[in-house]
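Asker: Got a file for you: target-v2.txt, compact mmCIF, C-alpha atoms.
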```
# COMPACT_ATOMS: atom_id res chain seq x y z
CA MET M 1 0.00 0.00 0.00
CA PHE M 2 1.04 3.58 -0.47
CA VAL M 3 -0.63 6.90 0.11
CA SER M 4 -0.69 10.01 -2.07
CA GLY M 5 -1.98 13.54 -1.66
CA GLY M 6 -2.84 15.86 -4.50
CA ASP M 7 -3.69 19.32 -5.71
CA ASP M 8 -7.29 18.02 -5.98
CA HIS M 9 -7.41 18.28 -2.11
CA LEU M 10 -7.77 14.49 -1.86
CA ILE M 11 -5.71 11.82 -0.15
CA LYS M 12 -5.73 8.44 -1.85
CA VAL M 13 -4.58 5.10 -0.53
CA TRP M 14 -3.42 2.79 -3.32
CA SER M 15 -2.61 -0.88 -3.57
CA TYR M 16 0.44 -1.43 -5.71
CA LYS M 17 -0.47 -5.05 -6.23
CA SER M 18 -3.84 -4.35 -7.82
CA LYS M 19 -2.72 -0.89 -9.08
CA LYS M 20 -6.03 0.48 -7.83
CA CYS M 21 -7.11 3.21 -5.46
CA MET M 22 -8.48 1.58 -2.30
CA PHE M 23 -9.68 4.63 -0.37
CA THR M 24 -10.14 8.32 -1.02
CA LEU M 25 -10.07 10.61 1.98
CA ASN M 26 -11.53 14.06 1.71
CA GLY M 27 -11.57 16.86 4.24
CA HIS M 28 -8.78 19.13 3.07
CA ILE M 29 -9.97 22.20 1.21
CA ASP M 30 -6.68 23.11 -0.50
CA TYR M 31 -3.59 21.44 -1.98
CA VAL M 32 -2.30 18.46 -0.01
CA ARG M 33 1.47 18.85 0.41
CA THR M 34 2.60 15.70 2.21
CA VAL M 35 1.11 12.46 3.49
CA GLN M 36 2.65 9.70 5.56
CA PHE M 37 1.55 6.44 7.16
CA HIS M 38 2.24 5.88 10.86
CA HIS M 39 4.73 3.03 11.32
CA ASP M 40 2.45 1.18 13.72
CA LEU M 41 -1.00 2.70 14.21
CA PRO M 42 -3.53 2.70 11.36
CA TRP M 43 -3.11 6.44 10.89
CA ILE M 44 -2.08 8.88 8.18
CA VAL M 45 -0.72 12.34 8.83
CA SER M 46 -1.27 14.91 6.08
CA SER M 47 -0.35 18.55 5.58
CA SER M 48 -2.16 20.96 3.34
CA ASP M 49 -2.23 24.58 2.25
CA ASP M 50 -5.53 24.95 4.18
CA MET H 1 4.51 22.56 4.07
CA CYS H 2 5.16 19.12 5.56
CA ALA H 3 4.09 16.89 8.43
CA THR H 4 5.76 13.70 9.53
CA PHE H 5 5.45 11.08 12.27
CA HIS H 6 8.33 10.38 14.64
CA PRO H 7 9.78 6.89 13.94
CA GLU H 8 8.92 5.71 17.49
CA ASP H 9 7.42 8.32 19.79
CA THR H 10 3.93 9.83 19.71
CA LEU H 11 5.22 12.94 17.97
CA ILE H 12 4.54 14.76 14.74
CA ALA H 13 6.82 17.44 13.30
CA SER H 14 5.32 20.02 10.99
CA CYS H 15 6.81 22.97 9.19
CA SER H 16 5.18 25.97 7.69
CA LEU H 17 5.51 29.07 5.57
CA ASP H 18 5.21 30.96 8.89
CA GLN H 19 8.97 30.11 9.24
CA THR H 20 8.47 27.80 12.22
CA ILE H 21 8.72 24.10 12.84
CA ARG H 22 6.37 22.65 15.43
CA VAL H 23 6.63 19.36 17.24
CA TRP H 24 3.27 18.01 18.38
CA ASP H 25 2.56 15.29 20.89
CA PHE H 26 -0.47 13.08 20.22
CA PHE H 27 -0.03 10.78 23.23
CA LYS H 28 -3.38 11.80 24.74
CA LEU H 29 -5.15 11.22 21.45
CA LYS H 30 -3.60 7.78 21.15
CA GLU H 31 -4.67 6.91 24.72
CA LYS H 32 -8.19 8.11 24.03
CA LEU H 33 -8.52 6.13 20.82
CA MET H 34 -7.01 3.00 22.34
CA ASN H 35 -9.65 3.07 25.09
CA LYS H 36 -12.49 3.80 22.72
CA GLN H 37 -13.01 1.04 20.18
CA GLY H 38 -14.71 1.76 16.88
CA SER H 39 -14.46 5.48 16.57
CA ARG H 40 -16.50 6.97 13.78
CA PRO H 41 -14.74 6.69 10.45
CA GLY H 42 -13.94 10.07 8.98
CA GLU H 43 -13.93 11.72 12.39
CA ILE H 44 -11.44 14.55 12.34
CA TYR H 45 -9.17 14.34 15.35
CA GLY H 46 -7.31 17.15 16.96
CA GLY H 47 -8.68 19.73 19.29
CA THR H 48 -7.20 19.46 22.74
CA GLU H 49 -5.65 15.99 22.53
CA VAL H 50 -2.76 17.05 20.33
CA GLU H 51 -0.50 19.63 21.92
CA VAL H 52 2.33 21.73 20.56
CA LYS H 53 5.38 20.63 22.50
CA HIS H 54 8.12 22.63 20.81
CA ILE H 55 8.24 25.61 18.47
CA LEU H 56 11.52 25.87 16.57
CA GLU H 57 12.30 29.32 15.27
CA GLY H 58 15.36 30.27 13.26
CA HIS H 59 14.61 29.99 9.56
CA GLU H 60 14.28 33.34 7.88
CA LYS H 61 11.77 32.20 5.26
CA GLY H 62 9.12 29.51 4.89
CA VAL H 63 10.12 25.99 5.85
CA ASN H 64 9.50 23.34 3.17
CA TRP H 65 10.54 20.14 4.83
CA VAL H 66 11.22 18.66 8.25
CA THR H 67 12.38 15.16 9.11
CA PHE H 68 13.27 13.20 12.24
CA HIS H 69 16.58 11.36 12.50
CA PRO H 70 15.84 7.59 12.49
CA THR H 71 17.56 7.01 15.85
CA MET H 72 19.03 10.21 17.34
CA LYS H 73 17.10 13.11 18.87
CA ILE H 74 17.81 15.33 15.89
CA LEU H 75 15.61 17.10 13.37
CA ALA H 76 16.63 18.45 9.97
CA SER H 77 14.71 21.17 8.16
CA ALA H 78 14.91 22.72 4.69
CA ALA H 79 13.68 26.19 3.88
CA ASP H 80 13.24 28.96 1.33
CA ASP H 81 16.10 30.83 3.07
CA LYS H 82 18.38 28.42 1.09
CA THR H 83 19.59 26.71 4.27
CA ILE H 84 19.24 23.38 5.98
CA LYS H 85 19.15 23.49 9.76
CA LEU H 86 19.89 20.74 12.23
CA TRP H 87 18.14 20.82 15.60
CA ARG H 88 19.03 18.77 18.65
CA LEU H 89 16.67 17.94 21.52
CA SER H 90 18.59 18.64 24.69
CA GLY H 91 16.84 18.74 28.02
CA ASN H 92 13.32 19.66 27.08
CA LYS H 93 14.14 22.04 24.26
CA TYR H 94 15.28 21.86 20.65
CA TRP H 95 18.45 23.84 20.02
CA GLN H 96 19.84 24.82 16.67
CA MET H 97 22.92 22.67 16.12
CA ASP H 98 24.07 23.89 12.77
CA THR H 99 23.10 25.58 9.53
CA LEU H 100 24.20 24.03 6.24
CA LYS H 101 24.66 26.60 3.51
CA GLY H 102 25.36 25.88 -0.15
CA HIS H 103 22.07 25.68 -1.98
CA MET H 104 21.50 28.68 -4.22
CA ASN H 105 17.71 28.61 -4.08
CA ASN H 106 14.79 27.30 -2.02
CA VAL H 107 15.67 23.95 -0.46
CA SER H 108 12.82 21.57 -1.25
CA CYS H 109 13.54 18.49 0.78
CA VAL H 110 16.05 17.01 3.21
CA MET H 111 16.49 13.43 4.36
CA PHE H 112 18.75 11.53 6.77
CA HIS H 113 20.42 8.51 5.23
CA PRO H 114 18.65 5.54 6.90
CA ARG H 115 21.92 3.83 7.91
CA MET H 116 24.85 6.19 7.36
CA GLU H 117 25.86 9.52 8.86
CA LEU H 118 24.82 11.41 5.75
CA LEU H 119 22.24 14.01 4.95
CA ILE H 120 20.74 14.30 1.45
CA SER H 121 19.02 17.44 0.25
CA ASN H 122 17.63 18.82 -2.98
CA SER H 123 16.52 22.19 -4.13
CA GLU H 124 14.93 24.43 -6.72
CA ASP H 125 18.54 25.38 -7.60
CA ARG H 126 18.50 22.13 -9.66
CA THR H 127 21.01 20.36 -7.43
CA LEU H 128 20.95 17.36 -5.16
CA ARG H 129 23.57 17.51 -2.41
CA VAL H 130 25.03 14.99 0.01
CA TRP H 131 26.38 16.26 3.34
CA ASP H 132 28.61 14.59 5.90
CA MET H 133 26.67 14.65 9.18
CA GLN H 134 29.70 14.52 11.47
CA ARG H 135 31.80 17.18 9.83
CA ARG H 136 28.70 19.03 8.55
CA ILE H 137 30.22 19.67 5.17
CA LEU H 138 29.09 19.22 1.61
CA ILE H 139 30.63 16.13 0.06
CA HIS H 140 28.80 15.71 -3.23
CA THR H 141 26.67 17.72 -5.65
CA ALA H 142 24.62 16.38 -8.57
CA ARG H 143 23.22 18.94 -10.95
CA LYS H 144 20.31 19.07 -13.39
CA ASP H 145 20.32 21.42 -16.38
CA THR H 146 16.80 22.74 -16.29
CA ASP H 147 14.63 20.87 -13.78
CA ARG H 148 14.09 21.83 -10.17
CA TYR H 149 14.19 19.11 -7.54
CA TRP H 150 11.22 18.78 -5.18
CA ILE H 151 11.32 15.60 -3.14
CA LEU H 152 13.46 12.73 -1.86
CA ALA H 153 12.73 9.19 -0.70
CA ALA H 154 14.82 6.29 0.57
CA HIS H 155 14.16 2.60 0.26
CA PRO H 156 13.65 1.29 3.83
CA THR H 157 16.30 -1.42 3.60
CA LEU H 158 18.10 -1.37 0.23
CA ASN H 159 20.64 1.12 -1.05
CA TYR H 160 18.17 2.94 -3.32
CA PHE H 161 17.12 6.56 -3.28
CA ALA H 162 14.70 8.53 -5.41
CA ALA H 163 14.59 12.23 -6.19
CA GLY H 164 11.63 13.86 -7.91
CA TYR H 165 12.13 16.83 -10.23
CA ASP H 166 9.89 18.88 -12.54
CA ASN H 167 9.71 16.32 -15.34
CA GLY H 168 10.53 13.02 -13.73
CA MET H 169 12.40 11.08 -11.11
CA ASN H 170 15.95 9.80 -10.61
CA VAL H 171 16.59 6.54 -8.83
CA PHE H 172 20.17 6.33 -7.57
CA LYS H 173 22.51 4.58 -5.18
CA LEU H 174 25.03 6.03 -2.76
CA GLU H 175 28.33 4.27 -2.15
CA LYS H 176 29.76 1.39 -4.07
CA GLU H 177 28.30 -1.96 -3.14
CA ARG H 178 31.23 -4.03 -4.33
CA LEU H 179 34.65 -3.71 -2.76
CA SER H 180 37.37 -2.30 -4.97
CA SER H 181 39.79 -5.11 -5.60
CA PHE H 182 42.36 -6.48 -8.02
CA ARG H 183 44.26 -9.73 -8.34
CA VAL H 184 47.93 -10.39 -8.99
CA GLY H 185 48.72 -14.09 -9.36
CA SER H 186 47.17 -15.78 -6.35
CA SER H 187 46.98 -12.58 -4.25
CA VAL H 188 43.80 -10.52 -4.12
CA PHE H 189 44.16 -6.93 -2.95
CA TYR H 190 41.03 -5.28 -1.65
CA VAL H 191 39.92 -2.27 0.33
CA HIS H 192 37.74 -2.72 3.40
CA ASP H 193 37.16 -0.39 6.38
CA SER H 194 39.70 2.08 4.99
CA LYS H 195 42.40 -0.59 5.01
CA LEU H 196 44.23 -2.19 2.12
CA ASN H 197 44.16 -5.95 2.66
CA THR H 198 45.53 -8.95 0.82
CA TYR H 199 44.05 -12.38 0.59
CA ASP H 200 46.03 -15.28 -0.74
CA LEU H 201 43.86 -17.59 -2.79
CA SER H 202 46.07 -20.65 -2.40
CA SER H 203 46.78 -20.44 1.34
CA GLY H 204 43.66 -18.53 2.42
CA ASN H 205 45.82 -16.15 4.48
CA LYS H 206 44.48 -12.66 5.05
CA SER H 207 46.52 -9.67 6.10
CA THR H 208 46.21 -5.92 6.35
CA MET H 209 48.89 -4.01 4.48
CA MET H 210 48.13 -0.39 5.32
CA GLN H 211 45.58 2.12 6.51
CA ILE H 212 44.23 4.26 3.70
CA GLN H 213 43.90 7.96 4.32
CA THR H 214 40.79 9.41 2.77
CA THR H 215 39.59 12.98 2.80
CA GLY H 216 35.98 11.89 3.07
CA LYS H 217 33.58 9.13 2.36
CA GLN H 218 33.58 8.30 -1.30
CA VAL H 219 30.12 8.75 -2.67
CA LEU H 220 29.02 7.82 -6.15
CA LEU H 221 25.82 8.90 -7.75
CA ASN H 222 24.76 6.70 -10.64
```
Please lay out the structure from this file as C-alpha cells.
Answerer:
Amino acid sequence: MFVSGGDDHLIKVWSYKSKKCMFTLNGHIDYVRTVQFHHDLPWIVSSSDD
Amino acid sequence: MCATFHPEDTLIASCSLDQTIRVWDFFKLKEKLMNKQGSRPGEIYGGTEVEVKHILEGHEKGVNWVTFHPTMKILASAADDKTIKLWRLSGNKYWQMDTLKGHMNNVSCVMFHPRMELLISNSEDRTLRVWDMQRRILIHTARKDTDRYWILAAHPTLNYFAAGYDNGMNVFKLEKERLSSFRVGSSVFYVHDSKLNTYDLSSGNKSTMMQIQTTGKQVLLN
C-alpha cells in the first residue's frame, strides 16, 4: 500500500499489487502537500495549504 | 509545508511558511482512541488531545521540509532561506545545532540517510547535495540542467534513493556496493574499512597491508 496527496485536495490510498485506489479521503480544502503512514497505528498524517 | 510522524514516539513534526517548525505530541489522542473502540470513520481528530510541544524558530523564510533522525534526537529542516538546519533535543528544548549553507535557491527536501551519517538534500537550484553529518560539510553535488528538484525518498532497507524533479524522477545509489579489488597471481588486494588488505587464494591467508587515508567518504551517484 502507499498513500498520495494531491492538488485536488484528496488523499488516496493505493494498492500497488492491484494498481487500484483503495480509499479516497476528503476533508482538506486546499492542496495536499505531504502524506505519511504511521509506522504502527492505522493512521495517516497529512499537511495541506488549508 | 510538511508533516511527519516520529519513527517511534507519539510525535509529529510540521513545518510551515510561517517560518516555524512545530513538534506536536499526540499521546493523549492515542490513549483516548485505544480506550475507545470503533471510533467513527472520517472523524477529524485534533482539538485538545494534540499539543504543541516545541516551536523551533530560526529559519528566515518559509520551511519546506522537516524530518526526524531515524535514531538520534535530531531534526533536519529545509527552507526557502536556502539553508538546511539541524536541531538537537537537549533537556526539554530543541536547540539549533548547525546551519548548512550551499544551496543557491529554495531547499525543497532534506532526508537523513537511513543507515549512514549522511544528509541528502535537494533544491529548486536544480542540485541534489550529500552532506557529511559529522563534519557538517558538503561532500557531493549532482546537478540538473533545467529541472528543479522537489522531493526525496529512501528505500527502507536497500541502497536505493529517489529524487523527484519537474519532469521526472531519478533513482540512484550512494556508495559502491562491491569492494574495490584487483588480483595479482594468487593474491587478491582489496579495500575494506579504509584498510588495504591482501588475501592469498592458495593459502587462504588474510593480512592488512596499510591504513588508507581518505579525505571523506567516497560517494558515487549513478
Asker: Return the single residue from H:Met210, H:Lys28, H:Met34, H:Gln19 that is closest to chain M, with distances computed using all atoms listed in the file.
Answerer: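 Result for the nearest residue to chain M: H:Met34.
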Asker: Work out how far apart atom CA of Cys15 of chain H and atom CA of Val32 of chain M are and give it in Å to one decimal.
Answerer: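 Going from atom CA of Cys15 of chain H over to atom CA of Val32 of chain M, I get 13.7 Å.
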Asker: Can you work out which residues from chain H touch chain M at a cut-off of 7 Å (counting all atoms listed in the file) and hand them back as a list in words?
Answerer: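 Taking all atoms listed in the file into account, Met1, Cys2, Ala3, Thr4, Phe5 and Pro7 of chain H sit within 7 Å of chain M.
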Asker: What gap, in Å, lies between atom CA of Lys19 of chain M and atom CA of Phe2 of chain M?
Answerer: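 Computing the Euclidean distance for atom CA of Lys19 of chain M and atom CA of Phe2 of chain M yields 10.4 Å.
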Asker: List the residues sitting within 12 Å of (11.6, 14.7, -6.5) in the file's frame, using only C-alpha atoms, as a PyMOL selection string.
Answerer: chain H and resi 107-111+121-124+126-128+144+147-154+161-171
Asker: Taking (14.7, 21.6, 4.9) in the file's own coordinates, collect the residues within 6 Å, counting only C-alpha atoms, and hand them back as a ChimeraX atom specification.
Answerer: /H:64-66,77-79,84,107,109-110
